[in-house]
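**Q** Data: coords.csv, CSV, C-alpha atoms and all ligand atoms.
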chain,number,residue,atom,x,y,z
O,257,MET,CA,83.8,0.8,42.0
O,258,GLN,CA,83.0,-2.1,39.7
O,259,THR,CA,83.8,-2.0,36.0
O,260,GLN,CA,83.6,-4.7,33.4
O,261,THR,CA,85.8,-5.7,30.5
O,262,THR,CA,83.9,-6.5,27.3
O,263,GLN,CA,84.7,-7.0,23.6
O,264,THR,CA,83.9,-4.1,21.3
O,265,ALA,CA,82.4,-4.6,17.9
O,266,THR,CA,85.8,-4.1,16.4
O,267,GLY,CA,87.2,-7.0,18.4
O,268,ASN,CA,89.3,-4.8,20.7
O,269,THR,CA,89.1,-5.4,24.3
O,270,THR,CA,87.9,-2.3,26.0
O,271,HIS,CA,87.6,-1.3,29.7
O,272,GLN,CA,83.9,-0.5,29.7
O,273,LEU,CA,81.1,0.1,32.0
O,274,PRO,CA,78.2,-2.3,32.2
O,275,GLN,CA,75.8,-1.7,29.4
O,276,VAL,CA,72.5,-0.6,30.8
O,277,THR,CA,69.5,0.8,28.9
O,278,GLU,CA,67.6,3.4,30.8
O,279,PRO,CA,64.2,4.4,29.5
O,280,ARG,CA,64.1,8.0,28.6
O,281,ASN,CA,62.3,10.4,30.9
O,282,PRO,CA,59.1,11.2,28.9
O,283,GLY,CA,58.2,14.1,31.2
O,284,MET,CA,54.8,14.7,32.7
O,285,PRO,CA,52.2,17.5,32.8
O,286,LEU,CA,53.3,20.5,34.8
O,287,ASP,CA,52.3,20.0,38.4
O,288,MET,CA,52.3,23.4,40.0
O,289,ASP,CA,51.4,22.1,43.4
O,290,TRP,CA,54.6,20.1,43.4
O,291,VAL,CA,56.6,23.0,42.1
O,292,ARG,CA,55.3,25.4,44.7
O,293,SER,CA,55.9,22.9,47.5
O,294,VAL,CA,59.6,22.8,46.7
O,295,GLN,CA,61.8,24.6,49.3
O,296,ALA,CA,65.6,24.7,49.8
O,297,ASN,CA,67.1,25.1,53.3
O,298,THR,CA,70.3,27.1,52.3
O,299,SER,CA,72.2,26.8,55.5
O,300,ALA,CA,71.6,23.0,55.8
O,301,ILE,CA,72.6,22.5,52.2
O,302,GLU,CA,75.8,24.5,52.6
O,303,ARG,CA,76.7,22.6,55.8
O,304,ARG,CA,76.2,19.2,54.0
O,305,ALA,CA,78.2,20.4,51.0
O,306,GLY,CA,81.0,21.7,53.2
O,307,SER,CA,81.2,18.5,55.1
O,308,ILE,CA,81.7,16.4,51.9
O,309,ALA,CA,84.3,18.7,50.6
O,310,ALA,CA,86.2,18.7,53.9
O,311,ARG,CA,86.7,15.0,54.3
O,312,ARG,CA,88.8,12.6,52.2
O,313,SER,CA,86.0,10.7,50.4
O,314,VAL,CA,88.0,8.0,48.7
O,315,LYS,CA,90.8,5.8,50.0
O,316,LYS,CA,94.1,6.4,48.3
O,317,ALA,CA,94.3,2.9,46.9
O,318,HIS,CA,91.0,3.4,45.1
O,319,GLN,CA,91.7,6.8,43.7
O,320,ALA,CA,93.0,5.6,40.3
O,321,ALA,CA,89.8,3.6,39.7
O,322,TRP,CA,87.7,6.7,40.6
O,323,LEU,CA,89.7,8.9,38.3
O,324,LEU,CA,89.3,6.5,35.4
O,325,ARG,CA,85.6,6.5,36.1
O,326,ALA,CA,85.6,10.3,36.1
O,327,ILE,CA,87.2,10.3,32.7
O,328,THR,CA,84.5,8.1,31.2
O,329,CYS,CA,82.0,10.7,32.5
O,330,ILE,CA,83.7,13.8,31.0
O,331,ASP,CA,82.0,15.7,28.2
O,332,LEU,CA,85.3,16.9,26.8
O,333,THR,CA,84.6,20.5,25.9
O,334,THR,CA,85.8,23.3,23.8
O,335,LEU,CA,83.5,26.4,23.6
O,336,ALA,CA,85.7,29.2,22.6
O,337,GLY,CA,85.2,31.9,20.0
O,338,ASP,CA,88.5,31.0,18.4
O,339,ASP,CA,87.8,27.2,18.1
O,340,THR,CA,89.1,25.7,14.8
O,341,ALA,CA,88.6,22.4,13.1
O,342,ARG,CA,92.2,21.6,14.1
O,343,ARG,CA,91.5,22.2,17.7
O,344,VAL,CA,88.4,20.1,17.7
O,345,GLU,CA,90.2,17.3,15.9
O,346,ARG,CA,92.9,17.3,18.6
O,347,LEU,CA,90.2,17.3,21.3
O,348,CYS,CA,88.5,14.3,19.6
O,349,ALA,CA,91.8,12.4,19.4
O,350,LYS,CA,92.1,13.0,23.2
O,351,ALA,CA,88.5,11.8,23.7
O,352,ARG,CA,89.4,8.6,21.9
O,353,HIS,CA,92.6,8.0,23.9
O,354,PRO,CA,92.3,10.1,27.1
O,355,VAL,CA,95.0,8.1,29.0
O,356,SER,CA,98.3,7.0,27.7
O,357,GLN,CA,98.8,3.3,27.0
O,358,GLY,CA,101.8,3.3,29.4
O,359,ILE,CA,99.6,4.4,32.3
O,360,LEU,CA,96.8,2.0,31.4
O,361,ASP,CA,99.3,-0.9,31.3
O,362,GLN,CA,100.7,0.0,34.7
O,363,LEU,CA,97.3,0.2,36.2
O,364,GLY,CA,96.3,-3.1,34.4
O,365,MET,CA,93.4,-1.3,32.7
O,366,LYS,CA,92.0,-1.6,29.2
O,367,PRO,CA,91.4,1.5,27.0
O,368,ILE,CA,88.6,3.9,28.0
O,369,THR,CA,87.1,7.0,26.3
O,370,THR,CA,85.5,10.2,27.5
O,371,GLY,CA,81.7,10.3,27.8
O,372,ALA,CA,81.3,12.7,24.9
O,373,VAL,CA,82.8,15.7,23.1
O,374,CYS,CA,81.0,19.0,23.5
O,375,VAL,CA,81.2,21.8,20.9
O,376,TYR,CA,79.4,24.7,19.3
O,377,HIS,CA,77.1,23.9,16.3
O,378,GLU,CA,79.7,25.0,13.7
O,379,MET,CA,82.1,22.4,15.0
O,380,VAL,CA,79.6,19.4,15.0
O,381,PRO,CA,80.5,18.0,11.5
O,382,THR,CA,84.2,18.1,12.3
O,383,ALA,CA,83.7,16.3,15.6
O,384,VAL,CA,81.3,13.8,14.1
O,385,ALA,CA,83.8,12.9,11.4
O,386,ALA,CA,86.7,12.7,13.9
O,387,LEU,CA,84.7,10.4,16.2
O,388,ARG,CA,83.1,8.2,13.5
O,389,GLY,CA,83.2,4.5,14.5
O,390,THR,CA,84.1,5.2,18.1
O,391,GLY,CA,80.6,5.3,19.7
O,392,ILE,CA,81.6,8.6,21.4
O,393,PRO,CA,78.7,10.9,21.1
O,394,VAL,CA,78.9,14.5,20.0
O,395,ALA,CA,77.1,17.0,22.1
O,396,ALA,CA,76.2,20.5,20.7
O,397,VAL,CA,75.5,23.5,22.9
O,398,SER,CA,72.4,25.2,21.5
O,399,THR,CA,69.5,27.6,21.7
O,400,GLY,CA,71.6,30.8,21.6
O,401,PHE,CA,74.2,29.5,24.0
O,402,PRO,CA,75.2,30.9,26.5
O,403,ALA,CA,72.6,33.6,27.0
O,404,GLY,CA,69.7,32.0,25.2
O,405,LEU,CA,68.2,35.3,24.2
O,406,SER,CA,67.7,34.8,20.4
O,407,PRO,CA,64.2,34.4,19.0
O,408,LEU,CA,62.5,31.2,20.1
O,409,HIS,CA,61.9,29.9,16.6
O,410,LEU,CA,65.7,30.3,15.8
O,411,ARG,CA,66.6,28.6,19.0
O,412,ILE,CA,64.4,25.6,18.0
O,413,GLU,CA,65.8,25.6,14.5
O,414,GLU,CA,69.3,25.6,15.9
O,415,ILE,CA,68.6,22.4,17.7
O,416,ARG,CA,67.2,20.8,14.5
O,417,GLU,CA,70.3,21.9,12.6
O,418,SER,CA,72.7,20.4,15.1
O,419,VAL,CA,70.7,17.1,15.2
O,420,LYS,CA,70.8,17.0,11.4
O,421,ALA,CA,74.6,17.6,11.5
O,422,GLY,CA,75.0,14.5,13.7
O,423,ALA,CA,74.9,15.7,17.3
O,424,SER,CA,73.2,13.0,19.4
O,425,GLU,CA,73.2,15.2,22.5
O,426,ILE,CA,71.9,18.7,22.7
O,427,ASP,CA,72.8,21.0,25.6
O,428,ILE,CA,70.1,23.8,25.7
O,429,VAL,CA,70.1,26.9,27.8
O,430,ILE,CA,66.9,27.8,29.6
O,431,SER,CA,65.5,31.4,29.7
O,432,ARG,CA,66.6,32.6,33.1
O,433,ARG,CA,64.0,35.3,33.1
O,434,HIS,CA,61.2,32.7,33.2
O,435,VAL,CA,62.7,31.5,36.5
O,436,LEU,CA,63.4,34.9,37.9
O,437,SER,CA,59.8,36.0,37.2
O,438,GLY,CA,58.3,32.7,38.5
O,439,ASP,CA,56.7,32.0,35.1
O,440,TRP,CA,57.0,28.2,35.4
O,441,GLN,CA,54.5,27.5,32.6
O,442,ALA,CA,56.7,29.5,30.2
O,443,LEU,CA,59.8,27.5,31.3
O,444,TYR,CA,57.9,24.3,30.9
O,445,ASP,CA,56.6,25.1,27.5
O,446,GLU,CA,60.0,26.2,26.3
O,447,MET,CA,61.7,23.1,27.6
O,448,ARG,CA,59.0,20.9,26.1
O,449,ALA,CA,59.5,22.6,22.7
O,450,PHE,CA,63.3,22.0,22.9
O,451,ARG,CA,62.8,18.4,23.8
O,452,GLU,CA,60.5,17.9,20.9
O,453,ALA,CA,63.0,19.5,18.5
O,454,CYS,CA,65.7,17.1,19.7
O,455,GLY,CA,63.8,14.1,18.6
O,456,GLU,CA,65.9,11.0,19.4
O,457,ALA,CA,68.9,13.2,20.5
O,458,HIS,CA,69.1,13.4,24.3
O,459,VAL,CA,68.6,16.9,25.8
O,460,LYS,CA,70.5,18.4,28.7
O,461,ALA,CA,68.9,21.4,30.2
O,462,ILE,CA,71.4,24.0,31.3
O,463,LEU,CA,69.9,26.0,34.2
O,464,ALA,CA,72.7,28.6,34.5
O,465,THR,CA,72.3,28.3,38.2
O,466,GLY,CA,74.7,31.2,39.0
O,467,GLU,CA,72.0,33.5,37.5
O,468,LEU,CA,68.9,32.1,39.1
O,469,GLY,CA,69.0,34.1,42.3
O,470,SER,CA,68.3,31.4,44.9
O,471,LEU,CA,68.7,27.7,45.7
O,472,ARG,CA,64.9,27.4,45.8
O,473,ASN,CA,64.8,28.7,42.2
O,474,VAL,CA,67.4,26.1,41.3
O,475,ALA,CA,65.3,23.4,42.8
O,476,ARG,CA,62.1,24.5,41.1
O,477,ALA,CA,63.7,25.0,37.7
O,478,SER,CA,65.3,21.5,38.0
O,479,LEU,CA,61.9,20.0,38.6
O,480,VAL,CA,60.1,21.9,35.9
O,481,CYS,CA,62.7,20.9,33.3
O,482,MET,CA,62.4,17.3,34.3
O,483,MET,CA,58.6,17.5,34.1
O,484,ALA,CA,59.1,18.9,30.6
O,485,GLY,CA,61.2,15.9,29.6
O,486,ALA,CA,64.9,16.8,30.2
O,487,ASP,CA,67.2,13.8,29.9
O,488,PHE,CA,69.8,15.6,32.0
O,489,ILE,CA,69.9,18.7,34.1
O,490,LYS,CA,73.1,20.7,33.9
O,491,THR,CA,74.3,23.5,36.2
O,492,SER,CA,76.0,26.0,34.0
O,493,THR,CA,77.3,27.1,30.6
O,494,GLY,CA,80.8,27.8,32.0
O,495,LYS,CA,80.3,31.4,31.1
O,496,GLU,CA,78.4,32.6,34.2
O,497,GLY,CA,80.2,34.4,37.0
O,498,VAL,CA,79.5,31.4,39.3
O,499,ASN,CA,79.3,28.0,37.7
O,500,ALA,CA,79.1,24.5,39.2
O,501,THR,CA,79.2,24.4,43.0
O,502,LEU,CA,78.6,21.7,45.6
O,503,PRO,CA,75.5,23.3,47.2
O,504,VAL,CA,73.9,23.7,43.8
O,505,THR,CA,74.8,20.1,43.0
O,506,LEU,CA,73.1,18.9,46.2
O,507,VAL,CA,69.9,20.8,45.3
O,508,MET,CA,69.8,19.5,41.8
O,509,ILE,CA,70.6,15.9,42.6
O,510,ARG,CA,68.0,15.9,45.4
O,511,ALA,CA,65.5,17.1,42.8
O,512,ILE,CA,66.5,14.2,40.6
O,513,ARG,CA,66.1,11.8,43.5
O,514,ASP,CA,62.6,13.2,44.3
O,515,TYR,CA,61.6,13.0,40.6
O,516,TYR,CA,62.8,9.4,40.4
O,517,ALA,CA,60.9,8.5,43.6
O,518,ARG,CA,57.7,9.9,42.2
O,519,THR,CA,57.9,9.0,38.5
O,520,GLY,CA,60.3,6.0,38.3
O,521,PHE,CA,62.4,7.9,35.7
O,522,ARG,CA,66.1,8.5,36.2
O,523,VAL,CA,67.3,11.9,35.0
O,524,GLY,CA,71.0,12.5,34.5
O,525,TYR,CA,73.2,15.2,36.1
O,526,LYS,CA,76.0,17.3,34.6
O,527,PRO,CA,77.9,19.8,36.7
O,528,ALA,CA,79.8,22.1,34.4
O,529,GLY,CA,82.1,25.1,34.5
O,530,GLY,CA,85.2,25.5,36.6
O,531,ILE,CA,85.8,21.8,37.5
O,532,SER,CA,89.4,21.4,36.7
O,533,LYS,CA,91.0,19.4,39.5
O,534,ALA,CA,91.0,15.7,39.9
O,535,LYS,CA,90.3,15.9,43.6
O,536,ASP,CA,87.2,18.0,43.0
O,537,ALA,CA,86.0,15.4,40.4
O,538,ILE,CA,86.3,12.7,43.2
O,539,THR,CA,84.3,14.9,45.6
O,540,TYR,CA,81.5,15.2,43.0
O,541,LEU,CA,81.5,11.5,42.4
O,542,ALA,CA,81.4,10.7,46.1
O,543,LEU,CA,78.5,13.1,46.6
O,544,ILE,CA,76.6,11.5,43.7
O,545,LYS,CA,77.3,8.0,45.2
O,546,GLU,CA,76.0,9.0,48.6
O,547,GLU,CA,72.9,10.9,47.5
O,548,LEU,CA,71.8,9.0,44.4
O,549,GLY,CA,73.7,5.7,44.5
O,550,ASP,CA,76.0,3.8,42.2
O,551,ARG,CA,73.6,3.7,39.3
O,552,TRP,CA,74.1,7.4,38.7
O,553,LEU,CA,77.9,6.9,38.4
O,554,MET,CA,77.6,5.9,34.8
O,555,PRO,CA,78.1,8.1,31.7
O,556,ASP,CA,74.4,7.7,30.7
O,557,LEU,CA,73.4,9.4,34.0
O,558,PHE,CA,76.4,11.5,35.0
O,559,ARG,CA,78.8,13.8,33.1
O,560,PHE,CA,81.3,16.5,33.9
O,561,GLY,CA,81.2,19.4,31.5
O,562,ALA,CA,84.9,20.3,31.5
O,563,SER,CA,87.6,21.7,29.3
O,564,SER,CA,90.7,21.2,31.5
O,565,LEU,CA,89.8,18.5,34.0
O,566,LEU,CA,91.2,15.7,32.0
O,567,GLY,CA,94.7,17.2,32.0
O,568,ASP,CA,94.8,17.2,35.8
O,569,ILE,CA,93.4,13.7,36.1
O,570,GLU,CA,96.2,12.5,33.7
O,571,ARG,CA,98.8,14.2,35.9
O,572,GLN,CA,97.4,12.5,39.0
O,573,LEU,CA,97.3,9.1,37.3
O,574,GLU,CA,100.9,9.6,36.2
O,575,HIS,CA,101.8,10.5,39.8
O,576,HIS,CA,99.9,7.4,41.0
O,577,VAL,CA,102.0,5.1,38.8
O,578,THR,CA,105.4,6.8,38.8
O,579,GLY,CA,105.4,8.7,42.1
O,580,SER,CA,106.2,12.0,40.4
O,581,TYR,CA,104.4,14.8,38.5
O,582,SER,CA,105.1,15.7,34.9
O,583,ALA,CA,104.9,19.2,33.5
O,584,GLY,CA,101.3,20.5,33.0
O,585,TYR,CA,101.8,21.3,29.3
O,586,ARG,CA,102.2,17.6,28.6
O,587,HIS,CA,98.6,17.0,29.5
O,588,ALA,CA,96.9,20.0,27.8
O,589,THR,CA,93.8,19.0,26.0
O,590,SER,CA,93.6,21.7,23.4
T,601,LIG,O1,79.9,22.8,29.6
T,601,LIG,C1,81.1,22.9,29.8
T,601,LIG,C2,81.8,24.1,30.3
T,601,LIG,O2,81.7,25.2,29.3
T,601,LIG,C3,83.2,23.9,30.5
T,601,LIG,O3,83.7,24.8,31.4
T,601,LIG,P1,85.2,24.9,31.8
T,601,LIG,O4,86.0,25.4,30.6
T,601,LIG,O5,85.3,25.9,33.0
T,601,LIG,O6,85.7,23.5,32.2
Go ahead and render the structure in this file as structure tokens.
**A**
Amino acid sequence: MQTQTTQTATGNTTHQLPQVTEPRNPGMPLDMDWVRSVQANTSAIERRAGSIAARRSVKKAHQAAWLLRAITCIDLTTLAGDDTARRVERLCAKARHPVSQGILDQLGMKPITTGAVCVYHEMVPTAVAALRGTGIPVAAVSTGFPAGLSPLHLRIEEIRESVKAGASEIDIVISRRHVLSGDWQALYDEMRAFREACGEAHVKAILATGELGSLRNVARASLVCMMAGADFIKTSTGKEGVNATLPVTLVMIRAIRDYYARTGFRVGYKPAGGISKAKDAITYLALIKEELGDRWLMPDLFRFGASSLLGDIERQLEHHVTGSYSAGYRHATS
């Protein structure tokens, strides 16, 4: 995987990804013929997902580079009822320096950061203050996260409040009932309203795939959210019984591929919930590379929503450079 070394505005040399500017997906009118035509062959999808999980997708020598890339794509997350300013500040410190200087030196790499920090609305000002000057975006979960069952006008207002507080990315939750009842117009209208409330902030549509009943519903909901202007589609809140999986990923990234083929707009993908192992992160990256290509392996088009993945990646990097594992508590992120 190729990365570049560039100078930051502060004069520090930083290990960074090539700067690319992707035009935002503006959305399009709801095309019900396209939505109805979408199918999902569950057994073929599960076979393909099983085969990628079974094989070693990355040569050992390249693993450290892939793990560093994974870090740059993490939305480092804390979404707990007992979150405090102190915890969020610690998380932000970790987002700024996710890998120890010693490991970076041994790998011959320059500093990196995570893709973003993701918090509840109440924690947005703390995160914004802690990340000021770093360029690391703050993402806020919104719209009555995780169930999304508060009144629509309040969900829209919540987005506006988070943007006002400094969040530049908003992770909204869709109304699962619109999918389960096949009311695609209602899903489209809701998503459109959320996108509008976001203004310049980028919007990630959380489908809560574990609650959508079928892979066909996942495919259709992905498409409708992209038609309504989602910048990213995201699997899960992390609070459903089943969160990110490889079959769901395959369905969603193929929807992204089809949308790009028809419209020319690239939509991002964020698997979230339960991704806590470095080897799983590599499997996801390999799947994205095979299905969507290298362009999607950048933080503007791919993120992991994860609270504990970084700790395991650090352990694996340390093992890579020292040959031995350190205690897990040394790499806790909160
Ligand atoms: O969007 C992010 C998820 O809530 C994180 O889930 P996790 O705690 O299982 O990593």
**Q** 6 Å from ligand LIG 601 (chain T) is the threshold here; counting all atoms listed in the file, which polymer residues fall inside it? Answer as a list in words.
**A**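 The residues near ligand LIG 601 (chain T) are Thr333, Thr493, Gly494, Ala528, Gly529, Gly530, Ile531, Gly561, Ala562, Ser563 and Ser564 of chain O.
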**Q** Select, from O:Val429, O:Glu278, O:His434, O:Pro367, the residue with the minimum atom-to-atom distance to O:Asp487, counting only C-alpha atoms.
**A**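 Answer, going by the shortest atom-to-atom distance: O:Glu278.
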**Q** Between atom CA of O:Lys535 and atom CA of O:Gln572, what is the spacing in Å?
**A**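 That distance, rounded to one decimal, is 9.1 Å.
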**Q** Could you check the closest approach to O:Thr298 for each of O:Val480, O:Leu565, O:Ala534, O:Ala475 and tell me which residue wins, using only C-alpha atoms?
**A** O:Ala475
**Q** Separation of atom CA of O:Val344 and atom CA of O:Ala386, in Å?
**A** 8.5 Å
**Q** Would you mind reading off the distance between atom CA of O:Gly485 and atom CA of O:Ala457, one decimal, in Å?
**A**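 Going from atom CA of O:Gly485 over to atom CA of O:Ala457, I get 12.2 Å.
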**Q** Between O:Arg472, O:Lys526, O:Arg510, O:Leu332, which has the minimum distance to O:Arg346 (counting only C-alpha atoms)?
**A**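 Closest to O:Arg346 of all the choices is O:Leu332.
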**Q** Quick one: of O:Val375, O:Val435, O:Ala484, O:Ala464, who's nearest to O:Arg451, counting all atoms listed in the file?
**A**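 Of all the options, O:Ala484 lies closest to O:Arg451.
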**Q** Can you patch up stretch 513-535 of chain O, filling it in to N, CA and C atoms, and show the result as a short mmCIF file (atom, residue, chain, number, x, y, z; two decimals), in the coordinates of the input?
**A**
data_model
loop_
_atom_site.label_atom_id
_atom_site.label_comp_id
_atom_site.auth_asym_id
_atom_site.auth_seq_id
_atom_site.Cartn_x
_atom_site.Cartn_y
_atom_site.Cartn_z
N ARG O 513 66.50 12.94 42.64
CA ARG O 513 66.10 11.80 43.50
C ARG O 513 64.57 11.86 43.74
N ASP O 514 64.03 13.06 44.02
CA ASP O 514 62.60 13.20 44.30
C ASP O 514 61.80 12.83 43.00
N TYR O 515 62.31 13.29 41.86
CA TYR O 515 61.60 13.00 40.60
C TYR O 515 61.59 11.52 40.32
N TYR O 516 62.70 10.87 40.60
CA TYR O 516 62.80 9.40 40.40
C TYR O 516 61.79 8.70 41.35
N ALA O 517 61.77 9.17 42.61
CA ALA O 517 60.90 8.50 43.60
C ALA O 517 59.44 8.63 43.17
N ARG O 518 59.07 9.76 42.58
CA ARG O 518 57.70 9.90 42.20
C ARG O 518 57.29 9.36 40.86
N THR O 519 58.24 9.36 39.92
CA THR O 519 57.90 9.00 38.50
C THR O 519 58.51 7.66 38.10
N GLY O 520 59.59 7.25 38.76
CA GLY O 520 60.30 6.00 38.30
C GLY O 520 61.28 6.30 37.19
N PHE O 521 61.46 7.58 36.78
CA PHE O 521 62.40 7.90 35.70
C PHE O 521 63.66 8.53 36.24
N ARG O 522 64.79 7.98 35.78
CA ARG O 522 66.10 8.50 36.20
C ARG O 522 66.52 9.61 35.24
N VAL O 523 66.80 10.79 35.78
CA VAL O 523 67.30 11.90 35.00
C VAL O 523 68.79 12.07 35.32
N GLY O 524 69.60 12.39 34.31
CA GLY O 524 71.00 12.50 34.50
C GLY O 524 71.42 13.90 35.08
N TYR O 525 72.67 13.98 35.55
CA TYR O 525 73.20 15.20 36.10
C TYR O 525 74.52 15.59 35.54
N LYS O 526 74.68 16.87 35.19
CA LYS O 526 76.00 17.30 34.60
C LYS O 526 76.39 18.63 35.27
N PRO O 527 77.34 18.55 36.20
CA PRO O 527 77.90 19.80 36.70
C PRO O 527 78.93 20.30 35.64
N ALA O 528 78.96 21.60 35.42
CA ALA O 528 79.80 22.10 34.40
C ALA O 528 80.33 23.51 34.73
N GLY O 529 81.55 23.76 34.31
CA GLY O 529 82.10 25.10 34.50
C GLY O 529 83.02 25.13 35.73
N GLY O 530 84.31 25.30 35.49
CA GLY O 530 85.20 25.50 36.60
C GLY O 530 85.69 24.25 37.31
N ILE O 531 85.29 23.07 36.83
CA ILE O 531 85.80 21.80 37.50
C ILE O 531 87.04 21.41 36.76
N SER O 532 88.17 21.65 37.39
CA SER O 532 89.40 21.40 36.70
C SER O 532 90.43 20.59 37.48
N LYS O 533 90.05 20.20 38.69
CA LYS O 533 91.00 19.40 39.50
C LYS O 533 90.46 18.01 39.77
N ALA O 534 91.39 17.06 39.72
CA ALA O 534 91.00 15.70 39.90
C ALA O 534 90.35 15.46 41.29
N LYS O 535 90.87 16.13 42.31
CA LYS O 535 90.30 15.90 43.60
C LYS O 535 88.85 16.43 43.71
#
